[in-house]
>>> print(open('target_29.cif').read())   # mmCIF, C-alpha atoms
data_input
#
loop_
_atom_site.group_PDB
_atom_site.id
_atom_site.type_symbol
_atom_site.label_atom_id
_atom_site.label_comp_id
_atom_site.auth_asym_id
_atom_site.auth_seq_id
_atom_site.Cartn_x
_atom_site.Cartn_y
_atom_site.Cartn_z
ATOM 1 C CA MET L 57 8.213 52.568 -17.751
ATOM 2 C CA ASP L 58 4.520 52.390 -16.850
ATOM 3 C CA ARG L 59 4.128 54.098 -13.460
ATOM 4 C CA PRO L 60 1.467 51.721 -11.906
ATOM 5 C CA ALA L 61 3.547 48.672 -12.847
ATOM 6 C CA ALA L 62 6.651 50.240 -11.357
ATOM 7 C CA GLN L 63 4.766 51.012 -8.140
ATOM 8 C CA GLY L 64 3.478 47.415 -7.971
ATOM 9 C CA ARG L 65 7.003 46.047 -8.298
ATOM 10 C CA LEU L 66 8.180 48.502 -5.668
ATOM 11 C CA VAL L 67 5.516 47.318 -3.188
ATOM 12 C CA THR L 68 6.378 43.683 -3.913
ATOM 13 C CA SER L 69 10.056 44.315 -3.374
ATOM 14 C CA ARG L 70 9.298 45.834 0.026
ATOM 15 C CA LEU L 71 7.647 42.619 1.240
ATOM 16 C CA THR L 72 9.793 40.282 3.272
ATOM 17 C CA ARG L 73 10.242 36.650 2.292
ATOM 18 C CA ARG L 74 7.825 35.564 5.037
ATOM 19 C CA GLN L 75 5.214 38.073 3.884
ATOM 20 C CA ARG L 76 5.505 36.924 0.277
ATOM 21 C CA ARG L 77 5.082 33.323 1.439
ATOM 22 C CA ARG L 78 1.960 34.276 3.385
ATOM 23 C CA VAL L 79 0.525 36.090 0.372
ATOM 24 C CA SER L 80 1.222 33.056 -1.818
ATOM 25 C CA GLN L 81 -0.417 30.720 0.705
ATOM 26 C CA GLY L 82 -3.408 33.021 0.966
ATOM 27 C CA ILE L 83 -3.881 32.952 -2.796
ATOM 28 C CA GLN L 84 -3.643 29.160 -2.841
ATOM 29 C CA TYR L 85 -6.221 28.828 -0.054
ATOM 30 C CA ALA L 86 -8.531 31.218 -1.871
ATOM 31 C CA VAL L 87 -8.262 29.204 -5.091
ATOM 32 C CA PHE L 88 -8.900 25.976 -3.179
ATOM 33 C CA VAL L 89 -12.008 27.393 -1.502
ATOM 34 C CA ALA L 90 -13.245 28.789 -4.817
ATOM 35 C CA VAL L 91 -12.904 25.361 -6.476
ATOM 36 C CA LEU L 92 -14.853 23.727 -3.629
ATOM 37 C CA VAL L 93 -17.605 26.338 -3.911
ATOM 38 C CA VAL L 94 -17.880 25.839 -7.676
ATOM 39 C CA ILE L 95 -18.068 22.051 -7.265
ATOM 40 C CA GLY L 96 -20.660 22.426 -4.517
ATOM 41 C CA LEU L 97 -22.831 24.676 -6.661
ATOM 42 C CA LEU L 98 -22.595 22.613 -9.860
ATOM 43 C CA ALA L 99 -23.036 19.099 -8.394
ATOM 44 C CA ASP L 100 -26.487 17.506 -8.324
ATOM 45 C CA TRP L 101 -26.440 16.434 -4.678
ATOM 46 C CA ASP L 102 -29.912 14.872 -4.798
ATOM 47 C CA ARG L 103 -28.804 12.397 -7.472
ATOM 48 C CA VAL L 104 -25.552 11.751 -5.624
ATOM 49 C CA GLN L 105 -27.448 10.981 -2.434
ATOM 50 C CA ASN L 106 -29.952 8.716 -4.198
ATOM 51 C CA GLN L 107 -27.174 6.756 -5.894
ATOM 52 C CA PHE L 108 -24.510 6.586 -3.200
ATOM 53 C CA ALA L 109 -26.058 7.357 0.179
ATOM 54 C CA GLN L 110 -29.182 5.274 0.726
ATOM 55 C CA ARG L 111 -29.176 4.815 4.489
ATOM 56 C CA ASP L 112 -31.611 1.886 4.586
ATOM 57 C CA LEU L 113 -29.586 0.036 1.943
ATOM 58 C CA ALA L 114 -26.339 0.716 3.799
ATOM 59 C CA GLU L 115 -27.804 -0.695 7.017
ATOM 60 C CA GLU L 116 -28.737 -3.913 5.219
ATOM 61 C CA LEU L 117 -25.065 -4.543 4.439
ATOM 62 C CA PHE L 118 -24.260 -5.092 8.101
ATOM 63 C CA PRO L 119 -22.987 -7.271 9.672
ATOM 64 C CA ASP L 120 -22.004 -9.283 6.555
ATOM 65 C CA ILE L 121 -19.763 -6.568 5.154
ATOM 66 C CA ILE L 122 -17.735 -6.749 8.379
ATOM 67 C CA THR L 123 -17.945 -10.422 9.313
ATOM 68 C CA ILE L 124 -17.421 -11.727 5.764
ATOM 69 C CA ALA L 125 -16.015 -9.083 3.397
ATOM 70 C CA LEU L 126 -13.739 -7.119 5.723
ATOM 71 C CA ARG L 127 -12.644 -10.249 7.560
ATOM 72 C CA ASN L 128 -11.663 -11.968 4.303
ATOM 73 C CA THR L 129 -9.848 -8.845 3.099
ATOM 74 C CA VAL L 130 -7.787 -8.766 6.285
ATOM 75 C CA VAL L 131 -7.045 -12.503 6.090
ATOM 76 C CA TYR L 132 -6.004 -12.243 2.437
ATOM 77 C CA THR L 133 -3.774 -9.252 3.183
ATOM 78 C CA VAL L 134 -2.060 -10.728 6.233
ATOM 79 C CA SER L 135 -1.433 -14.096 4.573
ATOM 80 C CA GLY L 136 -0.009 -12.433 1.458
ATOM 81 C CA PHE L 137 2.134 -10.122 3.578
ATOM 82 C CA VAL L 138 3.593 -12.956 5.661
ATOM 83 C CA PHE L 139 4.360 -15.074 2.593
ATOM 84 C CA GLY L 140 5.829 -12.071 0.780
ATOM 85 C CA LEU L 141 7.953 -11.110 3.803
ATOM 86 C CA VAL L 142 9.479 -14.578 4.113
ATOM 87 C CA LEU L 143 10.090 -14.906 0.378
ATOM 88 C CA GLY L 144 11.335 -11.313 0.185
ATOM 89 C CA LEU L 145 13.908 -11.981 2.910
ATOM 90 C CA VAL L 146 15.171 -15.041 1.029
ATOM 91 C CA ILE L 147 15.378 -13.100 -2.244
ATOM 92 C CA ALA L 148 17.175 -10.213 -0.509
ATOM 93 C CA LEU L 149 19.797 -12.570 0.943
ATOM 94 C CA MET L 150 20.214 -14.194 -2.459
ATOM 95 C CA ARG L 151 20.692 -10.751 -3.995
ATOM 96 C CA LEU L 152 23.497 -10.071 -1.508
ATOM 97 C CA SER L 153 25.054 -13.523 -1.849
ATOM 98 C CA SER L 154 28.610 -13.997 -3.053
ATOM 99 C CA VAL L 155 27.342 -16.853 -5.261
ATOM 100 C CA ALA L 156 26.692 -15.374 -8.689
ATOM 101 C CA PRO L 157 23.797 -17.706 -9.749
ATOM 102 C CA TYR L 158 21.881 -16.741 -6.603
ATOM 103 C CA ARG L 159 22.275 -13.062 -7.456
ATOM 104 C CA TRP L 160 21.170 -13.672 -11.031
ATOM 105 C CA VAL L 161 18.053 -15.606 -9.996
ATOM 106 C CA ALA L 162 17.112 -12.973 -7.420
ATOM 107 C CA GLY L 163 17.658 -10.144 -9.893
ATOM 108 C CA VAL L 164 15.533 -11.811 -12.586
ATOM 109 C CA TYR L 165 12.750 -12.527 -10.073
ATOM 110 C CA ILE L 166 12.687 -8.928 -8.852
ATOM 111 C CA GLU L 167 12.658 -7.445 -12.340
ATOM 112 C CA ILE L 168 9.893 -9.767 -13.567
ATOM 113 C CA PHE L 169 7.522 -9.475 -10.627
ATOM 114 C CA ARG L 170 8.029 -5.747 -10.239
ATOM 115 C CA GLY L 171 7.457 -5.232 -13.942
ATOM 116 C CA LEU L 172 4.276 -7.298 -14.321
ATOM 117 C CA PRO L 173 0.866 -5.957 -13.220
ATOM 118 C CA ALA L 174 -0.514 -7.687 -10.134
ATOM 119 C CA LEU L 175 -3.587 -8.699 -12.152
ATOM 120 C CA LEU L 176 -1.470 -10.825 -14.474
ATOM 121 C CA ILE L 177 0.139 -12.517 -11.479
ATOM 122 C CA PHE L 178 -3.301 -13.458 -10.151
ATOM 123 C CA ILE L 179 -4.335 -14.819 -13.542
ATOM 124 C CA PHE L 180 -1.109 -16.825 -13.663
ATOM 125 C CA VAL L 181 -1.773 -18.285 -10.211
ATOM 126 C CA GLY L 182 -5.416 -19.046 -10.949
ATOM 127 C CA VAL L 183 -5.062 -20.368 -14.506
ATOM 128 C CA ALA L 184 -1.483 -21.146 -15.493
ATOM 129 C CA VAL L 185 -0.463 -23.109 -12.404
ATOM 130 C CA PRO L 186 -3.352 -25.656 -12.653
ATOM 131 C CA LEU L 187 -2.668 -26.044 -16.380
ATOM 132 C CA ALA L 188 1.073 -26.516 -15.902
ATOM 133 C CA PHE L 189 0.656 -28.976 -13.026
ATOM 134 C CA PRO L 190 -2.519 -31.024 -13.659
ATOM 135 C CA GLY L 191 -4.097 -32.443 -10.539
ATOM 136 C CA THR L 192 -2.070 -30.136 -8.285
ATOM 137 C CA GLU L 193 -4.030 -28.066 -5.788
ATOM 138 C CA ILE L 194 -2.592 -25.063 -4.009
ATOM 139 C CA PRO L 195 -3.016 -25.657 -0.254
ATOM 140 C CA GLY L 196 -5.726 -23.550 1.325
ATOM 141 C CA GLY L 197 -7.910 -23.243 -1.756
ATOM 142 C CA THR L 198 -8.767 -19.625 -2.562
ATOM 143 C CA TYR L 199 -6.961 -18.388 0.544
ATOM 144 C CA GLY L 200 -3.805 -20.187 -0.561
ATOM 145 C CA LYS L 201 -4.055 -18.785 -4.097
ATOM 146 C CA VAL L 202 -4.494 -15.258 -2.768
ATOM 147 C CA ALA L 203 -1.565 -15.626 -0.366
ATOM 148 C CA LEU L 204 0.578 -16.905 -3.251
ATOM 149 C CA GLY L 205 -0.533 -14.170 -5.670
ATOM 150 C CA LEU L 206 -0.146 -11.285 -3.239
ATOM 151 C CA GLY L 207 3.038 -12.761 -1.790
ATOM 152 C CA LEU L 208 4.752 -13.133 -5.168
ATOM 153 C CA VAL L 209 4.070 -9.497 -5.966
ATOM 154 C CA ALA L 210 4.971 -8.171 -2.510
ATOM 155 C CA ALA L 211 8.161 -10.231 -2.242
ATOM 156 C CA ALA L 212 9.749 -8.446 -5.208
ATOM 157 C CA TYR L 213 9.318 -5.064 -3.540
ATOM 158 C CA MET L 214 10.078 -6.277 -0.017
ATOM 159 C CA ALA L 215 13.294 -7.928 -1.213
ATOM 160 C CA GLU L 216 14.688 -4.608 -2.403
ATOM 161 C CA THR L 217 13.525 -2.880 0.774
ATOM 162 C CA ILE L 218 15.124 -5.502 3.009
ATOM 163 C CA ARG L 219 18.307 -5.499 0.936
ATOM 164 C CA ALA L 220 18.575 -1.730 1.372
ATOM 165 C CA GLY L 221 18.002 -2.135 5.112
ATOM 166 C CA ILE L 222 20.741 -4.764 5.419
ATOM 167 C CA GLN L 223 23.175 -2.584 3.498
ATOM 168 C CA ALA L 224 22.255 0.382 5.738
ATOM 169 C CA VAL L 225 23.504 -1.452 8.841
ATOM 170 C CA PRO L 226 27.062 -0.235 9.576
ATOM 171 C CA LYS L 227 29.705 -2.717 8.453
ATOM 172 C CA GLY L 228 31.254 -2.481 11.890
ATOM 173 C CA GLN L 229 28.328 -4.472 13.277
ATOM 174 C CA MET L 230 29.311 -7.512 11.226
ATOM 175 C CA GLU L 231 32.969 -7.063 12.081
ATOM 176 C CA ALA L 232 32.165 -6.822 15.795
ATOM 177 C CA ALA L 233 30.017 -9.957 15.645
ATOM 178 C CA ARG L 234 32.724 -11.910 13.819
ATOM 179 C CA SER L 235 35.313 -10.766 16.363
ATOM 180 C CA LEU L 236 33.121 -12.297 19.087
ATOM 181 C CA GLY L 237 33.269 -15.661 17.362
ATOM 182 C CA PHE L 238 29.985 -15.506 15.429
ATOM 183 C CA SER L 239 29.867 -17.238 12.082
ATOM 184 C CA HIS L 240 28.719 -15.145 9.120
ATOM 185 C CA ALA L 241 25.295 -16.834 9.075
ATOM 186 C CA ARG L 242 24.782 -16.436 12.818
ATOM 187 C CA ALA L 243 25.865 -12.791 12.682
ATOM 188 C CA MET L 244 23.353 -12.138 9.923
ATOM 189 C CA VAL L 245 20.500 -13.798 11.830
ATOM 190 C CA SER L 246 21.324 -12.462 15.289
ATOM 191 C CA VAL L 247 22.779 -9.015 14.573
ATOM 192 C CA ILE L 248 22.361 -7.671 11.038
ATOM 193 C CA ILE L 249 18.837 -8.751 10.063
ATOM 194 C CA PRO L 250 17.155 -7.547 13.317
ATOM 195 C CA GLN L 251 18.773 -4.112 12.888
ATOM 196 C CA ALA L 252 17.801 -4.049 9.207
ATOM 197 C CA PHE L 253 14.166 -4.762 10.044
ATOM 198 C CA ARG L 254 14.089 -1.879 12.509
ATOM 199 C CA ILE L 255 15.236 0.357 9.668
ATOM 200 C CA VAL L 256 12.711 -0.900 7.099
ATOM 201 C CA ILE L 257 9.607 -1.112 9.301
ATOM 202 C CA PRO L 258 8.064 2.087 7.809
ATOM 203 C CA PRO L 259 8.321 1.007 4.142
ATOM 204 C CA LEU L 260 7.173 -2.522 5.032
ATOM 205 C CA THR L 261 4.123 -1.076 6.771
ATOM 206 C CA ASN L 262 3.446 0.992 3.680
ATOM 207 C CA GLU L 263 3.639 -2.219 1.637
ATOM 208 C CA LEU L 264 0.980 -3.681 3.923
ATOM 209 C CA VAL L 265 -1.321 -0.777 3.024
ATOM 210 C CA LEU L 266 -0.743 -1.419 -0.686
ATOM 211 C CA LEU L 267 -1.429 -5.134 -0.270
ATOM 212 C CA PHE L 268 -4.680 -4.376 1.545
ATOM 213 C CA LYS L 269 -5.895 -2.540 -1.557
ATOM 214 C CA ASP L 270 -4.455 -5.097 -4.002
ATOM 215 C CA SER L 271 -6.517 -7.798 -2.273
ATOM 216 C CA SER L 272 -9.431 -6.538 -4.399
ATOM 217 C CA LEU L 273 -7.926 -8.551 -7.295
ATOM 218 C CA VAL L 274 -9.236 -11.697 -5.606
ATOM 219 C CA LEU L 275 -12.428 -11.360 -7.639
ATOM 220 C CA PHE L 276 -10.513 -12.546 -10.738
ATOM 221 C CA LEU L 277 -9.881 -15.928 -9.086
ATOM 222 C CA GLY L 278 -13.568 -16.730 -8.808
ATOM 223 C CA VAL L 279 -14.689 -16.818 -5.188
ATOM 224 C CA THR L 280 -17.739 -18.153 -3.370
ATOM 225 C CA LEU L 281 -20.142 -15.968 -1.402
ATOM 226 C CA GLU L 282 -18.300 -16.760 1.810
ATOM 227 C CA GLU L 283 -14.911 -15.937 0.267
ATOM 228 C CA ARG L 284 -15.762 -12.482 -1.081
ATOM 229 C CA GLU L 285 -13.640 -9.521 -0.064
ATOM 230 C CA LEU L 286 -14.792 -5.904 0.138
ATOM 231 C CA THR L 287 -14.663 -4.976 -3.546
ATOM 232 C CA LYS L 288 -16.393 -8.146 -4.725
ATOM 233 C CA PHE L 289 -18.977 -7.825 -1.949
ATOM 234 C CA GLY L 290 -19.721 -4.204 -2.870
ATOM 235 C CA ARG L 291 -19.939 -4.901 -6.603
ATOM 236 C CA ASP L 292 -22.289 -7.851 -6.151
ATOM 237 C CA LEU L 293 -24.669 -5.899 -3.912
ATOM 238 C CA ALA L 294 -24.509 -2.854 -6.187
ATOM 239 C CA SER L 295 -25.539 -5.027 -9.147
ATOM 240 C CA GLN L 296 -28.377 -6.627 -7.197
ATOM 241 C CA THR L 297 -29.790 -3.330 -5.925
ATOM 242 C CA ALA L 298 -28.935 -1.154 -8.967
ATOM 243 C CA ASN L 299 -27.455 1.313 -6.507
ATOM 244 C CA SER L 300 -23.864 2.287 -5.703
ATOM 245 C CA THR L 301 -24.312 2.633 -1.946
ATOM 246 C CA PRO L 302 -22.659 -0.778 -1.276
ATOM 247 C CA ILE L 303 -19.558 0.369 -3.183
ATOM 248 C CA LEU L 304 -19.358 3.534 -1.084
ATOM 249 C CA VAL L 305 -19.698 1.555 2.148
ATOM 250 C CA ALA L 306 -17.009 -0.878 0.962
ATOM 251 C CA GLY L 307 -14.741 2.079 0.251
ATOM 252 C CA LEU L 308 -15.321 3.418 3.769
ATOM 253 C CA CYS L 309 -14.351 0.003 5.154
ATOM 254 C CA TYR L 310 -11.076 0.204 3.237
ATOM 255 C CA LEU L 311 -10.433 3.635 4.745
ATOM 256 C CA LEU L 312 -11.246 2.242 8.178
ATOM 257 C CA VAL L 313 -8.064 0.176 7.905
ATOM 258 C CA THR L 314 -5.792 2.125 5.536
ATOM 259 C CA VAL L 315 -6.071 5.523 7.245
ATOM 260 C CA PRO L 316 -4.863 4.254 10.673
ATOM 261 C CA LEU L 317 -2.118 2.246 8.941
ATOM 262 C CA SER L 318 -1.013 5.330 6.992
ATOM 263 C CA PHE L 319 -0.913 7.268 10.272
ATOM 264 C CA VAL L 320 1.272 4.534 11.770
ATOM 265 C CA VAL L 321 3.614 4.749 8.757
ATOM 266 C CA ARG L 322 4.021 8.510 9.217
ATOM 267 C CA ARG L 323 4.729 8.097 12.932
ATOM 268 C CA LEU L 324 7.311 5.396 12.263
ATOM 269 C CA GLU L 325 8.992 7.508 9.578
ATOM 270 C CA ALA L 326 9.076 10.513 11.933
ATOM 271 C CA ARG L 327 10.594 8.368 14.684
ATOM 272 C CA ALA L 328 13.204 7.006 12.287
ATOM 273 C CA ASP L 329 14.111 10.544 11.197
ATOM 274 C CA ARG L 330 14.558 11.635 14.808
ATOM 275 C CA ALA L 331 16.797 8.633 15.478
ATOM 276 C CA LYS L 332 19.234 9.610 12.726
#
>>> encode(input="target_29.cif", output="structure tokens")
Amino acid sequence: MDRPAAQGRLVTSRLTRRQRRRVSQGIQYAVFVAVLVVIGLLADWDRVQNQFAQRDLAEELFPDIITIALRNTVVYTVSGFVFGLVLGLVIALMRLSSVAPYRWVAGVYIEIFRGLPALLIFIFVGVAVPLAFPGTEIPGGTYGKVALGLGLVAAAYMAETIRAGIQAVPKGQMEAARSLGFSHARAMVSVIIPQAFRIVIPPLTNELVLLFKDSSLVLFLGVTLEERELTKFGRDLASQTANSTPILVAGLCYLLVTVPLSFVVRRLEARADRAK
């Protein structure tokens, strides 16, 4: 056996598990730093700054990017989330129903709307619904269409989340409620569903983050200047100025909301883990 190789294996075998882990972490940090250095040396930062970081152009975006674009994004997200939560609860209860047709309808809905891209759902809402029902207007105009589009997509995922939360509630809770004279429906509303929602708050909050980003699909519905959300606002200004600074600022506005929400999700998940 080669003597240097044998000595190397001997030294490695003498390291404790903690020492080997530290060596491995040190190598990973070194590789990470090396990659950052290489990227920093190879990138043309002057071109990046000229294309994405024009301060005077960024200042011109305010306050409209907040008062119009960000406001509309938040409104679209909240309306879609509320509609999806209500519909998702109904679908979840149908999925758990003892009536077979209800379960079949709920199962088909979940499979279809989880399997289709959100973009196709928006096209369906914006194009297929008016064609199928001539003269019918969705209440709320663009805001109503967005709430319907986002809600239909979110409800499929929320339904499964809520169903899992209801099934996670101990069966003894229902039995205790029935022993106190509660009907099945009243026990579900007063006892089971509130406990289920406490369980599923973290994944529902995560769904809110996803909906906030999916609101960018509004641009496919055709919106006015006052109805633009962040992505549409950034794209329009980038086209007008031939510069990508508006897109970068729009992205920072998304992070302004999604990062705190993601932090909330992690805190809620940690709290739920401690409660187990």
>>> residues_around(input="target_29.cif", residues="Ala174 in chain L", least_positions_apart="3", cutoff="9 Å", atoms="all atoms listed in the file", output="list of chain:residue names")
L:Phe169, L:Arg170, L:Ile177, L:Phe178, L:Ile179, L:Gly205, L:Leu206, L:Val209, L:Asp270, L:Leu273
>>> atom_distance(input="target_29.cif", atom1="CA of Thr217 in chain L", atom2="CA of Pro316 in chain L")
22.1 Å
>>> closest_residue(input="target_29.cif", among="L:Thr198, L:Ser154, L:Thr301, L:Ser80", to="Glu282 in chain L", atoms="all atoms listed in the file")
L:Thr198
>>> resolve_selection(input="target_29.cif", expression="the PyMOL selection byres ((chain L and resi 141) around 12)", output="count of residues only")
38
>>> atom_distance(input="target_29.cif", atom1="CA of Ile121 in chain L", atom2="CA of Ser300 in chain L")
14.6 Å
>>> closest_atom_pairs(input="target_29.cif", of="range 293-323 of chain L", to="range 104-111 of chain L", cutoff="12 Å", atoms="only C-alpha atoms", output="Markdown table")
| residue | atom | partner | partner_atom | distance |
| --- | --- | --- | --- | --- |
| L:Ala294 | CA | L:Phe108 | CA | 9.9 |
| L:Thr297 | CA | L:Gln107 | CA | 10.4 |
| L:Ala298 | CA | L:Gln107 | CA | 8.7 |
| L:Asn299 | CA | L:Gln107 | CA | 5.5 |
| L:Ser300 | CA | L:Phe108 | CA | 5.0 |
| L:Thr301 | CA | L:Phe108 | CA | 4.2 |
| L:Pro302 | CA | L:Phe108 | CA | 7.8 |
| L:Ile303 | CA | L:Phe108 | CA | 7.9 |
| L:Leu304 | CA | L:Phe108 | CA | 6.4 |
| L:Val305 | CA | L:Phe108 | CA | 8.8 |
| L:Ala306 | CA | L:Phe108 | CA | 11.4 |
| L:Gly307 | CA | L:Phe108 | CA | 11.3 |
| L:Leu308 | CA | L:Phe108 | CA | 12.0 |
>>> closest_residue(input="target_29.cif", among="L:Asp120, L:Pro186, L:Arg219, L:Val130", to="Ile166 in chain L", atoms="all atoms listed in the file")
L:Arg219
>>> resolve_selection(input="target_29.cif", expression="the PyMOL selection byres ((chain L and resi 224-239) around 12)", output="ChimeraX atom specification")
/L:217-223,240-256,332
>>> closest_residue(input="target_29.cif", among="L:Phe189, L:Trp160, L:Val91, L:Val320", to="Pro259 in chain L", atoms="only C-alpha atoms")
L:Val320
>>> resolve_selection(input="target_29.cif", expression="the PyMOL selection byres ((chain L and resi 289) around 12)", output="PyMOL selection string")
chain L and resi 117-118+120-129+272+274-275+279-288+290-296+300-307+309
>>> write_last_selection(input="target_29.cif", atoms="C-alpha atoms", output="short mmCIF file (atom, residue, chain, number, x, y, z; two decimals), in the coordinates of the input")
data_model
loop_
_atom_site.label_atom_id
_atom_site.label_comp_id
_atom_site.auth_asym_id
_atom_site.auth_seq_id
_atom_site.Cartn_x
_atom_site.Cartn_y
_atom_site.Cartn_z
CA LEU L 117 -25.06 -4.54 4.44
CA PHE L 118 -24.26 -5.09 8.10
CA ASP L 120 -22.00 -9.28 6.56
CA ILE L 121 -19.76 -6.57 5.15
CA ILE L 122 -17.74 -6.75 8.38
CA THR L 123 -17.94 -10.42 9.31
CA ILE L 124 -17.42 -11.73 5.76
CA ALA L 125 -16.02 -9.08 3.40
CA LEU L 126 -13.74 -7.12 5.72
CA ARG L 127 -12.64 -10.25 7.56
CA ASN L 128 -11.66 -11.97 4.30
CA THR L 129 -9.85 -8.85 3.10
CA SER L 272 -9.43 -6.54 -4.40
CA VAL L 274 -9.24 -11.70 -5.61
CA LEU L 275 -12.43 -11.36 -7.64
CA VAL L 279 -14.69 -16.82 -5.19
CA THR L 280 -17.74 -18.15 -3.37
CA LEU L 281 -20.14 -15.97 -1.40
CA GLU L 282 -18.30 -16.76 1.81
CA GLU L 283 -14.91 -15.94 0.27
CA ARG L 284 -15.76 -12.48 -1.08
CA GLU L 285 -13.64 -9.52 -0.06
CA LEU L 286 -14.79 -5.90 0.14
CA THR L 287 -14.66 -4.98 -3.55
CA LYS L 288 -16.39 -8.15 -4.72
CA GLY L 290 -19.72 -4.20 -2.87
CA ARG L 291 -19.94 -4.90 -6.60
CA ASP L 292 -22.29 -7.85 -6.15
CA LEU L 293 -24.67 -5.90 -3.91
CA ALA L 294 -24.51 -2.85 -6.19
CA SER L 295 -25.54 -5.03 -9.15
CA GLN L 296 -28.38 -6.63 -7.20
CA SER L 300 -23.86 2.29 -5.70
CA THR L 301 -24.31 2.63 -1.95
CA PRO L 302 -22.66 -0.78 -1.28
CA ILE L 303 -19.56 0.37 -3.18
CA LEU L 304 -19.36 3.53 -1.08
CA VAL L 305 -19.70 1.56 2.15
CA ALA L 306 -17.01 -0.88 0.96
CA GLY L 307 -14.74 2.08 0.25
CA CYS L 309 -14.35 0.00 5.15
#
>>> closest_residue(input="target_29.cif", among="L:Arg327, L:Arg78, L:Arg103, L:Lys201", to="Gly278 in chain L", atoms="only C-alpha atoms")
L:Lys201
>>> axis_aligned_box(input="target_29.cif", around="range 203-216 of chain L", padding_each_side="5 Å", output="AutoDock Vina command-line options")
--center_x 6.6 --center_y -10.8 --center_z -3.0 --size_x 26.3 --size_y 22.3 --size_z 15.9
>>> atom_distance(input="target_29.cif", atom1="CA of Tyr132 in chain L", atom2="CA of Pro119 in chain L")
19.1 Å
>>> closest_residue(input="target_29.cif", among="L:Tyr199, L:Leu149, L:Ala99, L:Ile83", to="Ser271 in chain L", atoms="all atoms listed in the file")
L:Tyr199
>>> closest_residue(input="target_29.cif", among="L:Asn262, L:Ala86, L:Leu175, L:Lys269", to="Arg323 in chain L", atoms="all atoms listed in the file")
L:Asn262
>>> build_atoms(input="target_29.cif", residues="range 250-262 of chain L", atoms="N, CA and C atoms", output="compact mmCIF listing (two decimals), keeping the file's coordinate frame")
# COMPACT_ATOMS: atom_id res chain seq x y z
N PRO L 250 18.02 -8.30 12.39
CA PRO L 250 17.16 -7.55 13.32
C PRO L 250 17.32 -6.03 13.20
N GLN L 251 18.56 -5.55 13.05
CA GLN L 251 18.77 -4.11 12.89
C GLN L 251 18.20 -3.62 11.56
N ALA L 252 18.33 -4.43 10.51
CA ALA L 252 17.80 -4.05 9.21
C ALA L 252 16.29 -3.91 9.26
N PHE L 253 15.62 -4.82 9.97
CA PHE L 253 14.17 -4.76 10.04
C PHE L 253 13.70 -3.53 10.81
N ARG L 254 14.46 -3.11 11.81
CA ARG L 254 14.09 -1.88 12.51
C ARG L 254 14.16 -0.68 11.57
N ILE L 255 15.09 -0.74 10.62
CA ILE L 255 15.24 0.36 9.67
C ILE L 255 14.10 0.37 8.65
N VAL L 256 13.67 -0.82 8.21
CA VAL L 256 12.71 -0.90 7.10
C VAL L 256 11.27 -1.08 7.55
N ILE L 257 10.99 -0.96 8.84
CA ILE L 257 9.61 -1.11 9.30
C ILE L 257 8.66 -0.13 8.61
N PRO L 258 9.00 1.17 8.48
CA PRO L 258 8.06 2.09 7.81
C PRO L 258 7.72 1.68 6.38
N PRO L 259 8.71 1.41 5.50
CA PRO L 259 8.32 1.01 4.14
C PRO L 259 7.59 -0.33 4.10
N LEU L 260 7.89 -1.25 5.01
CA LEU L 260 7.17 -2.52 5.03
C LEU L 260 5.73 -2.31 5.45
N THR L 261 5.50 -1.40 6.38
CA THR L 261 4.12 -1.08 6.77
C THR L 261 3.38 -0.44 5.62
N ASN L 262 4.06 0.39 4.86
CA ASN L 262 3.45 0.99 3.68
C ASN L 262 3.10 -0.08 2.65
